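Visitor: The file below is my_file-v6.txt, compact mmCIF, C-alpha atoms:
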# COMPACT_ATOMS: atom_id res chain seq x y z
CA MET Q 1 137.15 171.54 130.19
CA PRO Q 2 134.94 169.05 128.29
CA ALA Q 3 134.86 169.44 124.50
CA CYS Q 4 131.82 171.15 123.00
CA PRO Q 5 129.24 168.81 121.37
CA ARG Q 6 130.31 169.76 117.83
CA LYS Q 7 133.98 169.22 118.63
CA ARG Q 8 133.19 165.91 120.36
CA ARG Q 9 131.22 164.76 117.31
CA LYS Q 10 134.21 165.57 115.11
CA GLN Q 11 136.49 163.63 117.46
CA ILE Q 12 134.13 160.60 117.41
CA ILE Q 13 133.81 160.71 113.62
CA HIS Q 14 137.60 161.00 113.34
CA ARG Q 15 138.11 158.00 115.62
CA ARG Q 16 135.53 155.92 113.71
CA THR Q 17 137.06 156.88 110.38
CA ARG Q 18 140.52 156.08 111.65
CA THR Q 19 139.28 152.69 112.94
CA THR Q 20 137.57 151.90 109.62
CA ASP Q 21 140.63 153.02 107.67
CA HIS Q 22 142.81 150.88 109.93
CA LYS Q 23 140.58 147.82 109.29
CA VAL Q 24 140.55 148.42 105.54
CA GLY Q 25 144.31 148.97 105.66
CA ASN Q 26 144.74 145.66 107.46
CA ILE Q 27 142.64 143.86 104.83
CA ILE Q 28 144.61 145.51 102.01
CA GLY Q 29 147.88 144.64 103.73
CA MET Q 30 146.79 141.05 104.24
CA ALA Q 31 145.58 140.80 100.64
CA GLU Q 32 148.94 142.02 99.37
CA ALA Q 33 150.73 139.37 101.45
CA ALA Q 34 148.10 136.67 100.94
CA GLU Q 35 148.58 133.37 99.21
CA ALA Q 36 146.64 133.56 95.92
CA HIS Q 37 144.65 130.90 94.05
CA SER Q 38 142.40 130.98 91.00
CA ILE Q 39 139.64 128.81 92.48
CA VAL Q 40 139.14 128.09 96.18
CA ILE Q 41 136.50 125.64 97.39
CA ALA Q 42 135.47 126.05 101.02
CA GLY Q 43 134.56 122.66 102.47
CA GLY Q 44 135.75 119.14 101.73
CA GLY Q 45 132.48 117.25 102.10
CA ILE Q 46 130.59 115.51 99.31
CA CYS Q 47 129.80 118.65 97.32
CA GLY Q 48 133.21 120.27 97.79
CA LEU Q 49 135.12 117.15 96.71
CA ALA Q 50 132.75 116.55 93.80
CA THR Q 51 133.28 120.13 92.63
CA ALA Q 52 137.06 119.78 92.84
CA LEU Q 53 136.94 116.48 90.95
CA ALA Q 54 134.62 117.89 88.29
CA LEU Q 55 136.94 120.86 87.76
CA HIS Q 56 139.94 118.50 87.60
CA ARG Q 57 138.18 116.42 84.92
CA LYS Q 58 137.85 119.67 82.92
CA GLY Q 59 141.54 120.45 83.39
CA ILE Q 60 141.01 123.20 85.97
CA ALA Q 61 142.96 123.28 89.24
CA SER Q 62 141.44 124.28 92.57
CA LEU Q 63 142.26 124.39 96.27
CA VAL Q 64 139.91 122.74 98.78
CA LEU Q 65 139.97 124.09 102.34
CA GLU Q 66 138.64 121.57 104.85
CA LYS Q 67 138.33 122.42 108.55
CA SER Q 68 138.67 118.79 109.71
CA ARG Q 69 142.04 117.12 110.14
CA SER Q 70 141.09 114.33 107.72
CA LEU Q 71 138.34 113.37 105.28
CA ARG Q 72 134.91 113.70 106.91
CA ALA Q 73 133.20 110.31 106.76
CA ASP Q 74 130.58 110.77 109.49
CA GLY Q 75 126.88 110.41 108.81
CA ALA Q 76 126.74 106.63 108.24
CA GLY Q 77 124.81 105.81 105.04
CA ILE Q 78 123.55 107.96 102.19
CA GLY Q 79 120.90 106.98 99.64
CA VAL Q 80 121.76 107.86 96.05
CA HIS Q 81 119.00 107.90 93.43
CA ALA Q 82 119.38 107.61 89.66
CA ASN Q 83 120.05 111.33 89.21
CA GLY Q 84 122.99 111.07 91.61
CA TRP Q 85 124.36 108.02 89.79
CA ARG Q 86 124.30 109.92 86.51
CA VAL Q 87 126.56 112.52 88.11
CA LEU Q 88 128.87 109.88 89.57
CA GLU Q 89 129.20 108.42 86.07
CA GLN Q 90 130.26 111.83 84.75
CA LEU Q 91 132.82 112.08 87.55
CA GLY Q 92 134.19 108.63 86.70
CA VAL Q 93 133.57 106.97 90.08
CA ALA Q 94 130.22 105.20 89.58
CA ALA Q 95 131.57 101.79 88.62
CA ASP Q 96 133.70 101.39 91.75
CA LEU Q 97 130.91 102.61 94.00
CA ARG Q 98 128.33 100.27 92.47
CA ASP Q 99 130.56 97.40 93.57
CA THR Q 100 130.12 98.51 97.20
CA ALA Q 101 126.31 98.54 97.35
CA HIS Q 102 123.48 96.36 96.07
CA LEU Q 103 120.57 97.72 94.08
CA ILE Q 104 117.52 98.43 96.26
CA THR Q 105 114.47 97.10 94.44
CA VAL Q 106 111.53 97.68 96.82
CA TYR Q 107 110.12 100.29 99.17
CA HIS Q 108 108.56 98.35 102.04
CA ASP Q 109 106.28 100.56 104.16
CA VAL Q 110 105.01 99.23 107.48
CA TRP Q 111 102.69 101.21 109.76
CA LYS Q 112 102.20 99.65 113.20
CA GLN Q 113 99.41 101.05 115.40
CA GLY Q 114 98.79 98.95 118.46
CA ASP Q 115 97.94 95.44 117.28
CA LYS Q 116 97.13 96.62 113.75
CA ILE Q 117 99.83 96.42 111.09
CA SER Q 118 99.49 97.66 107.52
CA ARG Q 119 102.05 96.87 104.83
CA GLU Q 120 102.69 98.11 101.33
CA LYS Q 121 105.45 97.15 98.92
CA VAL Q 122 106.23 99.40 95.97
CA PRO Q 123 108.88 98.53 93.38
CA VAL Q 124 111.72 101.02 92.90
CA ARG Q 125 111.71 101.85 89.20
CA THR Q 126 114.96 103.84 89.16
CA GLU Q 127 118.43 103.07 90.41
CA LEU Q 128 118.68 103.42 94.18
CA ARG Q 129 121.59 102.25 96.32
CA CYS Q 130 122.60 103.05 99.88
CA LEU Q 131 126.28 103.93 100.07
CA ASN Q 132 128.57 104.05 103.04
CA ARG Q 133 129.36 107.77 103.17
CA LYS Q 134 133.01 106.89 103.79
CA ASP Q 135 133.14 104.97 100.49
CA LEU Q 136 131.64 107.93 98.61
CA ILE Q 137 134.01 110.48 100.17
CA GLU Q 138 137.07 108.33 99.48
CA ALA Q 139 135.99 107.62 95.88
CA LEU Q 140 135.67 111.34 95.18
CA ALA Q 141 138.95 112.20 96.89
CA LYS Q 142 141.20 109.52 95.42
CA ASP Q 143 141.24 110.97 91.87
CA ILE Q 144 141.80 114.56 92.99
CA PRO Q 145 145.46 115.60 92.51
CA ALA Q 146 147.68 115.45 95.59
CA GLY Q 147 147.90 118.77 97.40
CA THR Q 148 144.45 119.91 96.28
CA ILE Q 149 142.85 119.27 99.69
CA ARG Q 150 144.26 121.23 102.61
CA PHE Q 151 143.09 119.97 106.00
CA GLY Q 152 142.79 121.83 109.29
CA CYS Q 153 141.78 125.08 107.57
CA ARG Q 154 138.91 126.84 109.31
CA ILE Q 155 137.69 130.01 107.60
CA ALA Q 156 137.07 132.80 110.11
CA ALA Q 157 135.97 135.54 107.72
CA VAL Q 158 135.41 136.37 104.06
CA ASP Q 159 135.96 139.91 102.79
CA ALA Q 160 135.65 141.54 99.40
CA ASP Q 161 138.88 141.90 97.45
CA PRO Q 162 140.15 145.36 98.49
CA ALA Q 163 141.95 145.66 95.17
CA GLY Q 164 138.56 145.92 93.49
CA GLY Q 165 138.47 142.45 91.95
CA HIS Q 166 135.42 140.21 91.84
CA GLY Q 167 136.92 137.56 94.14
CA ALA Q 168 137.43 137.50 97.89
CA VAL Q 169 140.04 137.42 100.65
CA LEU Q 170 139.69 134.60 103.18
CA THR Q 171 141.02 135.03 106.70
CA MET Q 172 141.73 131.71 108.38
CA ALA Q 173 141.35 130.96 112.07
CA ASP Q 174 145.14 131.06 112.49
CA GLY Q 175 145.30 134.57 111.01
CA THR Q 176 146.70 133.64 107.61
CA THR Q 177 144.96 134.90 104.48
CA ILE Q 178 144.19 133.44 101.08
CA LYS Q 179 143.10 135.43 98.07
CA ALA Q 180 140.65 133.66 95.75
CA LYS Q 181 139.78 134.85 92.26
CA VAL Q 182 136.81 132.46 92.44
CA LEU Q 183 135.35 131.28 95.77
CA ILE Q 184 132.83 128.43 96.03
CA GLY Q 185 131.23 127.85 99.41
CA CYS Q 186 130.55 124.13 99.99
CA GLU Q 187 130.93 124.16 103.78
CA GLY Q 188 127.40 123.02 104.53
CA THR Q 189 124.67 124.45 106.68
CA TYR Q 190 126.70 127.00 108.66
CA SER Q 191 128.54 128.42 105.68
CA VAL Q 192 130.77 131.46 106.13
CA VAL Q 193 130.57 132.06 102.37
CA ALA Q 194 126.75 132.01 102.47
CA LYS Q 195 126.88 134.61 105.24
CA TYR Q 196 129.18 136.78 103.08
CA LEU Q 197 126.59 136.57 100.28
CA GLY Q 198 123.92 137.82 102.67
CA LEU Q 199 121.95 134.56 102.90
CA SER Q 200 119.87 134.00 106.02
CA PRO Q 201 120.98 131.31 108.48
CA VAL Q 202 119.47 127.89 107.86
CA ARG Q 203 116.40 126.88 109.87
CA THR Q 204 116.20 123.81 112.08
CA ILE Q 205 113.58 121.20 112.96
CA PRO Q 206 114.16 119.60 116.39
CA ARG Q 207 114.14 115.88 115.68
CA PRO Q 208 116.76 113.48 117.09
CA VAL Q 209 118.06 110.79 114.73
CA LEU Q 210 120.38 107.89 115.50
CA ARG Q 211 122.11 106.26 112.52
CA GLY Q 212 124.56 103.43 112.13
CA PHE Q 213 125.65 100.20 110.47
CA THR Q 214 125.23 96.58 111.49
CA TRP Q 215 127.66 93.99 110.16
CA TYR Q 216 126.64 90.37 109.65
CA PRO Q 217 129.81 88.25 109.19
CA HIS Q 218 127.79 85.24 108.00
CA GLY Q 219 125.28 87.24 105.96
CA HIS Q 220 121.77 88.48 106.72
CA SER Q 221 118.37 87.34 105.46
CA PHE Q 222 116.90 90.73 104.51
CA ASP Q 223 115.69 91.52 101.01
CA ASN Q 224 117.33 94.32 99.00
CA GLU Q 225 114.74 96.80 100.16
CA PHE Q 226 114.22 100.11 101.90
CA LEU Q 227 112.09 99.29 104.92
CA ARG Q 228 110.23 102.32 106.29
CA LEU Q 229 108.59 101.52 109.62
CA ARG Q 230 106.39 103.81 111.67
CA VAL Q 231 105.64 102.53 115.16
CA GLY Q 232 104.33 104.84 117.86
CA ASP Q 233 106.15 108.15 117.45
CA PHE Q 234 109.20 106.46 115.96
CA PHE Q 235 110.08 106.46 112.26
CA ILE Q 236 112.67 103.81 111.46
CA GLY Q 237 114.49 102.98 108.26
CA ARG Q 238 116.50 99.94 107.24
CA LEU Q 239 118.46 99.77 103.98
CA THR Q 240 120.52 96.80 102.83
CA ILE Q 241 123.94 97.76 101.46
CA THR Q 242 125.53 94.35 100.84
CA ASP Q 243 124.86 90.75 101.87
CA ASN Q 244 126.75 91.51 105.10
CA LEU Q 245 126.06 95.18 105.80
CA VAL Q 246 122.86 97.01 106.76
CA HIS Q 247 122.27 100.70 107.40
CA PHE Q 248 119.58 101.92 109.80
CA PHE Q 249 118.21 105.18 111.12
CA ILE Q 250 115.87 105.84 114.03
CA THR Q 251 113.95 109.10 114.18
CA MET Q 252 112.92 109.57 117.80
CA PRO Q 253 110.11 111.75 119.15
CA LYS Q 254 112.41 113.63 121.54
CA PRO Q 255 116.08 113.60 122.56
CA PRO Q 256 117.13 111.58 125.60
CA THR Q 257 117.36 113.65 128.77
CA ASP Q 258 118.72 111.03 131.17
CA VAL Q 259 121.91 110.20 129.23
CA SER Q 260 124.74 112.13 127.62
CA THR Q 261 124.12 112.60 123.91
CA LYS Q 262 127.88 112.46 123.41
CA ASP Q 263 127.96 108.86 124.65
CA LEU Q 264 126.48 107.13 121.61
CA LYS Q 265 126.27 103.74 123.31
CA GLN Q 266 124.06 105.29 125.97
CA VAL Q 267 121.95 106.97 123.28
CA ARG Q 268 121.57 103.60 121.56
CA ASP Q 269 120.58 101.89 124.83
CA HIS Q 270 118.02 104.64 125.49
CA ALA Q 271 116.56 104.23 121.99
CA LEU Q 272 116.37 100.44 122.44
CA LYS Q 273 114.47 100.82 125.70
CA GLU Q 274 111.92 103.17 124.14
CA MET Q 275 111.59 100.98 121.05
CA ARG Q 276 110.80 97.98 123.24
CA ASP Q 277 108.21 100.07 125.11
CA VAL Q 278 106.32 100.71 121.85
CA GLN Q 279 106.68 97.03 120.82
CA CYS Q 280 108.99 97.60 117.90
CA PRO Q 281 109.54 94.40 115.85
CA ALA Q 282 112.24 92.12 117.23
CA GLU Q 283 114.31 92.12 114.02
CA ILE Q 284 114.67 95.92 114.22
CA ILE Q 285 115.63 95.71 117.89
CA ASP Q 286 118.32 93.16 116.97
CA ILE Q 287 119.75 95.36 114.20
CA VAL Q 288 120.17 98.32 116.53
CA ARG Q 289 121.44 96.24 119.45
CA ASP Q 290 124.10 94.54 117.30
CA SER Q 291 125.23 97.72 115.51
CA ASP Q 292 128.88 98.72 115.32
CA PRO Q 293 129.40 101.33 118.09
CA GLU Q 294 132.07 103.07 115.98
CA SER Q 295 129.54 103.65 113.18
CA LEU Q 296 126.91 105.39 115.30
CA ASN Q 297 126.00 108.97 114.45
CA PHE Q 298 123.52 111.12 116.36
CA VAL Q 299 121.99 114.49 115.52
CA THR Q 300 119.29 116.36 117.40
CA GLU Q 301 117.86 118.42 114.55
CA PHE Q 302 117.41 118.68 110.79
CA TRP Q 303 118.68 121.71 108.88
CA TYR Q 304 116.91 123.27 105.93
CA ARG Q 305 116.68 126.42 103.86
CA PRO Q 306 113.01 127.29 103.21
CA PRO Q 307 111.98 126.97 99.55
CA TRP Q 308 111.08 130.66 99.32
CA GLU Q 309 114.66 131.59 100.32
CA VAL Q 310 115.99 129.23 97.64
CA VAL Q 311 113.80 131.02 95.11
CA LEU Q 312 114.71 134.54 96.23
CA GLY Q 313 118.16 134.18 97.79
CA SER Q 314 121.26 135.87 96.40
CA PHE Q 315 123.73 133.12 95.50
CA GLN Q 316 126.37 135.29 93.87
CA LYS Q 317 128.57 138.26 94.59
CA GLY Q 318 131.07 138.84 91.79
CA THR Q 319 132.90 135.54 91.41
CA VAL Q 320 131.79 134.16 94.78
CA THR Q 321 129.00 131.58 94.98
CA VAL Q 322 127.74 128.58 96.95
CA ALA Q 323 126.76 124.98 96.25
CA GLY Q 324 125.35 121.99 98.11
CA ASP Q 325 123.88 122.50 101.58
CA ALA Q 326 125.30 126.03 101.73
CA MET Q 327 122.88 126.87 98.93
CA HIS Q 328 119.90 124.56 99.50
CA ALA Q 329 120.08 122.63 102.78
CA MET Q 330 117.09 120.32 102.95
CA GLY Q 331 115.91 117.69 105.39
CA PRO Q 332 116.36 113.98 104.59
CA PHE Q 333 112.70 113.50 103.72
CA ILE Q 334 113.14 112.78 99.98
CA GLY Q 335 116.75 111.60 100.09
CA GLN Q 336 118.06 114.17 97.60
CA GLY Q 337 120.39 116.42 99.62
CA GLY Q 338 123.61 114.65 98.65
CA SER Q 339 122.62 114.01 95.02
CA ALA Q 340 121.57 117.64 94.55
CA GLY Q 341 125.02 118.72 95.72
CA LEU Q 342 126.60 116.34 93.19
CA GLU Q 343 124.48 117.93 90.45
CA ASP Q 344 125.66 121.38 91.54
CA ALA Q 345 129.26 120.26 91.13
CA VAL Q 346 128.82 119.13 87.52
CA VAL Q 347 126.80 122.17 86.41
CA LEU Q 348 129.19 124.64 88.07
CA ALA Q 349 132.32 122.97 86.67
CA ARG Q 350 130.76 122.86 83.20
CA SER Q 351 129.88 126.56 83.33
CA LEU Q 352 133.31 127.58 84.62
CA ALA Q 353 135.11 125.44 82.03
CA ARG Q 354 133.16 127.14 79.27
CA ALA Q 355 134.10 130.55 80.66
CA VAL Q 356 137.78 129.60 80.95
CA GLY Q 357 137.73 128.41 77.34
CA ASP Q 358 136.12 131.64 76.18
CA ALA Q 359 138.63 133.69 78.18
CA ASP Q 360 141.53 131.75 76.63
CA GLY Q 361 139.97 132.44 73.26
CA VAL Q 362 140.22 136.20 73.70
CA GLY Q 363 143.93 135.81 74.46
CA LYS Q 364 146.22 135.90 77.46
CA GLY Q 365 146.53 139.63 77.06
CA ALA Q 366 142.85 140.21 77.72
CA ALA Q 367 142.16 142.65 80.53
CA PRO Q 368 141.71 140.89 83.92
CA ALA Q 369 138.41 142.71 84.35
CA ARG Q 370 137.10 141.13 81.16
CA ARG Q 371 138.17 137.67 82.23
CA GLU Q 372 136.58 138.17 85.65
CA LYS Q 373 133.38 139.32 83.96
CA MET Q 374 133.29 136.11 81.91
CA VAL Q 375 133.71 133.99 85.05
CA GLY Q 376 131.03 136.02 86.85
CA GLU Q 377 128.66 135.46 83.94
CA ALA Q 378 129.40 131.72 84.06
CA ILE Q 379 128.49 131.62 87.76
CA GLY Q 380 125.28 133.50 86.95
CA GLU Q 381 124.52 130.86 84.32
CA TYR Q 382 125.09 128.10 86.89
CA ILE Q 383 122.69 129.74 89.34
CA ARG Q 384 119.99 130.25 86.70
CA GLU Q 385 120.20 126.58 85.76
CA ARG Q 386 120.22 125.25 89.30
CA ARG Q 387 117.68 127.50 91.01
CA PRO Q 388 114.48 125.96 89.52
CA ARG Q 389 115.71 122.44 90.20
CA VAL Q 390 116.77 122.96 93.82
CA ALA Q 391 113.72 125.13 94.54
CA LEU Q 392 111.41 122.24 93.59
CA LEU Q 393 113.48 119.77 95.61
CA SER Q 394 113.43 122.11 98.61
CA LEU Q 395 109.66 122.53 98.27
CA GLU Q 396 109.04 118.79 98.07
CA SER Q 397 111.31 118.09 101.05
CA PHE Q 398 109.73 120.93 103.06
CA ILE Q 399 106.21 119.62 102.44
CA MET Q 400 107.18 116.03 103.18
CA GLY Q 401 108.79 117.19 106.42
CA THR Q 402 105.65 119.10 107.32
CA LEU Q 403 103.60 115.92 106.97
CA LEU Q 404 106.03 113.67 108.82
CA VAL Q 405 107.23 115.92 111.62
CA ARG Q 406 104.91 118.86 112.26
CA SER Q 407 101.48 117.13 112.69
CA PRO Q 408 99.59 119.59 110.44
CA SER Q 409 95.87 120.35 110.57
CA PRO Q 410 93.58 118.38 108.20
CA VAL Q 411 93.34 121.36 105.82
CA THR Q 412 97.13 121.83 105.74
CA LYS Q 413 97.60 118.09 105.28
CA LEU Q 414 95.21 118.06 102.32
CA ALA Q 415 97.03 121.00 100.71
CA CYS Q 416 100.41 119.30 101.24
CA VAL Q 417 99.22 116.06 99.67
CA ALA Q 418 97.84 117.96 96.67
CA VAL Q 419 101.19 119.70 96.09
CA LEU Q 420 103.07 116.40 96.39
CA VAL Q 421 100.79 114.89 93.75
CA LEU Q 422 101.60 117.80 91.42
CA LEU Q 423 105.32 117.34 92.09
CA GLY Q 424 105.12 113.63 91.27
CA SER Q 425 106.53 112.70 94.67
CA LYS Q 426 105.10 109.17 94.78
CA SER Q 427 106.50 108.34 91.36
CA LEU Q 428 109.92 109.76 92.41
CA ARG Q 429 109.91 112.22 89.54
CA HIS Q 430 112.86 114.01 91.18
CA ALA Q 431 115.05 110.92 90.60
CA TYR Q 432 114.57 111.00 86.81
CA TYR Q 433 116.32 114.36 86.46
CA ASP Q 434 119.48 114.52 84.37
CA CYS Q 435 121.78 117.54 84.89
CA GLY Q 436 123.68 116.72 81.69
CA ARG Q 437 127.22 115.89 80.72
CA LEU Q 438 130.24 117.36 82.43
As structure tokens, please, write out the structure in this file.

Guide:
Amino acid sequence: MPACPRKRRKQIIHRRTRTTDHKVGNIIGMAEAAEAHSIVIAGGGICGLATALALHRKGIASLVLEKSRSLRADGAGIGVHANGWRVLEQLGVAADLRDTAHLITVYHDVWKQGDKISREKVPVRTELRCLNRKDLIEALAKDIPAGTIRFGCRIAAVDADPAGGHGAVLTMADGTTIKAKVLIGCEGTYSVVAKYLGLSPVRTIPRPVLRGFTWYPHGHSFDNEFLRLRVGDFFIGRLTITDNLVHFFITMPKPPTDVSTKDLKQVRDHALKEMRDVQCPAEIIDIVRDSDPESLNFVTEFWYRPPWEVVLGSFQKGTVTVAGDAMHAMGPFIGQGGSAGLEDAVVLARSLARAVGDADGVGKGAAPARREKMVGEAIGEYIRERRPRVALLSLESFIMGTLLVRSPSPVTKLACVAVLVLLGSKSLRHAYYDCGRL
């Protein structure tokens, strides 16, 4: 005889409760058996390594969990403005990196429409260099103590500490668990830590970009400039790195449909054909044609977190927070994504070091809850300092992307230009920022 509705409801509730209790029990059991660390950094990209190095400079150990099997050096070149160089100086790696890249002294803008060509050269009044991303990653990693970076570690889930602490329990893809008293999510745009904090997924702008390096064994004849060329629906950039190395990017109107996007040589050949069709200058064609196939990198979209989410988003839960793209992913339109992540690293390490010092001052016998509260307050201080800065960067990048990619109406375009004037975009006001000493 079937159970009565009331009895069936009790059975269902009992089963659900038992399932929930079983899940909680599993988490508690895993937490009890979990490997434990004071500070865990999720992600071993630019921001994650910079954070680990900044903490190391302050005498604080951390564990970096990186999903790749080795250091991630994809992405070709990365422009670093003066604000980023100030951070690299604080981290102690600026001098070596300056030896790898020449100073860029001029923005050279070229707009080609049919037979008409307009040119404008504007001097760069702050320090700007284009780094090989591989050089930057290796410079950050080499001074981090051995054993700090653990490769091949993909985080499957983040749960609250069932013991009632402010930290978190990380479940890895292989089923192992790690307990973190402090967790910093630096895993980029699809951050598991950001999801745990309740942040919305990043947005995307469909826009294919091919990037790479071209090596000139006998030297090239280009000036130390950032050439920005618009021809047809293409937006092309060329940045000199050294007398022998040039970085380029090609923003295409749409992704290729007749070739595999995984075969980067085919993607390059497709881009070359379309560039010839719109009569792209021969010197640009040559750069792309002669590029190192191993250096090519292709993406089909830009990722960004809207500025209003940066203003309103929750970046903290207890002693769990985010930094870099996990916090403020922005398109490449103002060239500040990487440098902003470097700034995050210094400010966060400085705040945590102050909290650790204060906690040591109250004595080793201080209650763990009090020490956790101090660390939580330090993370809150970090977020309060960083939010206005990254909100303005996100706004400027969002508006610049609207102008370059979305083809806005005349009214929207006028409003965007007005906001950029207020933000000091043309004068590169964002590059004069100083996040302070470590």

Visitor: Between CA of Val411 (chain Q) and CA of Ile399 (chain Q), what distance in Å does the model show, to one decimal?

Guide: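 Distance between the two atoms: 13.4 Å.
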
Visitor: List every protein, DNA or RNA residue that has at least one atom no more than 12 Å from (118.0, 127.9, 103.8) in the file's coordinates, counting only C-alpha atoms, and write the result as a count of residues only.

Guide: 42

Visitor: Kindly assemble as CSV a list of the region 70-89 of chain Q residues that lie within 12 Å of region 229-242 of chain Q, each paired with its nearest atom pair and their distance in Å to one decimal, using all atoms listed in the file, sorted first by chain and then by ascending residue number.

Guide:
residue,atom,partner,partner_atom,distance
Q:Ala76,CA,Q:Ile241,CA,11.5
Q:Gly77,CA,Q:Leu239,CA,8.8
Q:Ile78,CA,Q:Leu239,CA,9.8
Q:Gly79,CA,Q:Leu239,CA,8.8
Q:Val80,CA,Q:Ile241,CA,11.7

Visitor: Please provide as a PyMOL selection string all residues within 12 Å of Gly357 (chain Q), with the sequence filter that same-chain residues fewer than 6 positions apart are discarded (counting only C-alpha atoms).

Guide: chain Q and resi 58-60+350-351+363-364+371+374-375+378

Visitor: One number please: CA of Leu428 (chain Q) to CA of Arg86 (chain Q), in Å, one decimal.

Guide: 15.5 Å

Visitor: Between Q:Leu210, Q:His247, Q:Leu404, Q:Trp85, which is the closest to Gln266 (chain Q) once you count all atoms listed in the file?

Guide: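 Using all atoms listed in the file, the shortest distance to Gln266 (chain Q) belongs to Q:Leu210.
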
Visitor: May I ask which of the residues Q:Met275, Q:Val246, Q:Ala418, Q:Ile39 is the closest one to Glu225 (chain Q), counting only C-alpha atoms?

Guide: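 The answer is Q:Val246, which sits nearest to Glu225 (chain Q).
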
Visitor: Choose the residue, out of Q:Ala282, Q:Ala101, Q:Ala168, Q:Leu352, that has the smallest atom-to-atom separation from Ala52 (chain Q); count all atoms listed in the file.

Guide: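 The shortest atom-to-atom distance to Ala52 (chain Q) comes from Q:Leu352.
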
Visitor: For a quick check of your reading of the model, name the residues lying within 8 Å of the coordinate (108.9, 100.9, 91.2), counting all atoms listed in the file, and write them as an mmCIF file with C-alpha atoms, keeping the file's coordinate frame.

Guide:
data_model
loop_
_atom_site.group_PDB
_atom_site.id
_atom_site.type_symbol
_atom_site.label_atom_id
_atom_site.label_comp_id
_atom_site.auth_asym_id
_atom_site.auth_seq_id
_atom_site.Cartn_x
_atom_site.Cartn_y
_atom_site.Cartn_z
ATOM 1 C CA THR Q 105 114.470 97.100 94.440
ATOM 2 C CA VAL Q 106 111.530 97.680 96.820
ATOM 3 C CA VAL Q 122 106.230 99.400 95.970
ATOM 4 C CA PRO Q 123 108.880 98.530 93.380
ATOM 5 C CA VAL Q 124 111.720 101.020 92.900
ATOM 6 C CA ARG Q 125 111.710 101.850 89.200
ATOM 7 C CA THR Q 126 114.960 103.840 89.160
ATOM 8 C CA SER Q 427 106.500 108.340 91.360
#

Visitor: What's the separation between CA of Ile117 (chain Q) and CA of Ile334 (chain Q), in Å to one decimal place?

Guide: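 For CA of Ile117 (chain Q) relative to CA of Ile334 (chain Q), the distance reads 23.8 Å.
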
Visitor: Show me, as JSON lines, the residues of region 165-218 of chain Q having an atom within 12 Å of region 127-150 of chain Q, each with the closest atom pair and its distance in Å, using only C-alpha atoms.

Guide:
{"residue": "Q:Arg211", "atom": "CA", "partner": "Q:Asn132", "partner_atom": "CA", "distance": 11.7}
{"residue": "Q:Gly212", "atom": "CA", "partner": "Q:Asn132", "partner_atom": "CA", "distance": 10.0}
{"residue": "Q:Phe213", "atom": "CA", "partner": "Q:Asn132", "partner_atom": "CA", "distance": 8.9}
{"residue": "Q:Thr214", "atom": "CA", "partner": "Q:Asn132", "partner_atom": "CA", "distance": 11.8}

Visitor: Within 6 Å of Ala173 (chain Q), counting all atoms listed in the file, which residues show up once you throw out same-chain ones fewer than 2 positions away? Write them as a PyMOL selection string, please.

Guide: chain Q and resi 154-156+175

Visitor: Can you tell me, as JSON, numbers by chain, what residues are no more than 10 Å from Ile41 (chain Q) when counting all atoms listed in the file, ignoring any on the same chain fewer than 4 positions away?

Guide: {"Q": [47, 48, 49, 51, 52, 62, 63, 64, 65, 66, 148, 149, 180, 182, 183, 184, 185, 186, 187, 321, 322, 323]}

Visitor: Please determine, counting all atoms listed in the file, which residue among Q:Pro208, Q:Gly335, Q:Pro162, Q:Pro368 has the shortest atom-to-atom distance to Glu396 (chain Q).

Guide: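 So, comparing all the options, the nearest one is Q:Gly335.
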
Visitor: Could you give me, as a ChimeraX atom specification, the residues within 7 Å of Thr300 (chain Q), counting only C-alpha atoms and dropping anything in the same chain fewer than 2 positions from it?

Guide: /Q:206-209,255,298

Visitor: Go through Q:Ser38, Q:Asn244, Q:Ser425, Q:Ser118 one by one, measure the shortest atom-to-atom distance of each to Val320 (chain Q) using all atoms listed in the file, and give the residue with the smallest value.

Guide: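 Going through Q:Ser38, Q:Asn244, Q:Ser425, Q:Ser118 one by one, the smallest distance to Val320 (chain Q) is for Q:Ser38.
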
Visitor: Select, from Q:Phe333, Q:Tyr432, Q:Trp215, Q:Phe151, the residue with the minimum atom-to-atom distance to Gly84 (chain Q), counting only C-alpha atoms.

Guide: Q:Tyr432
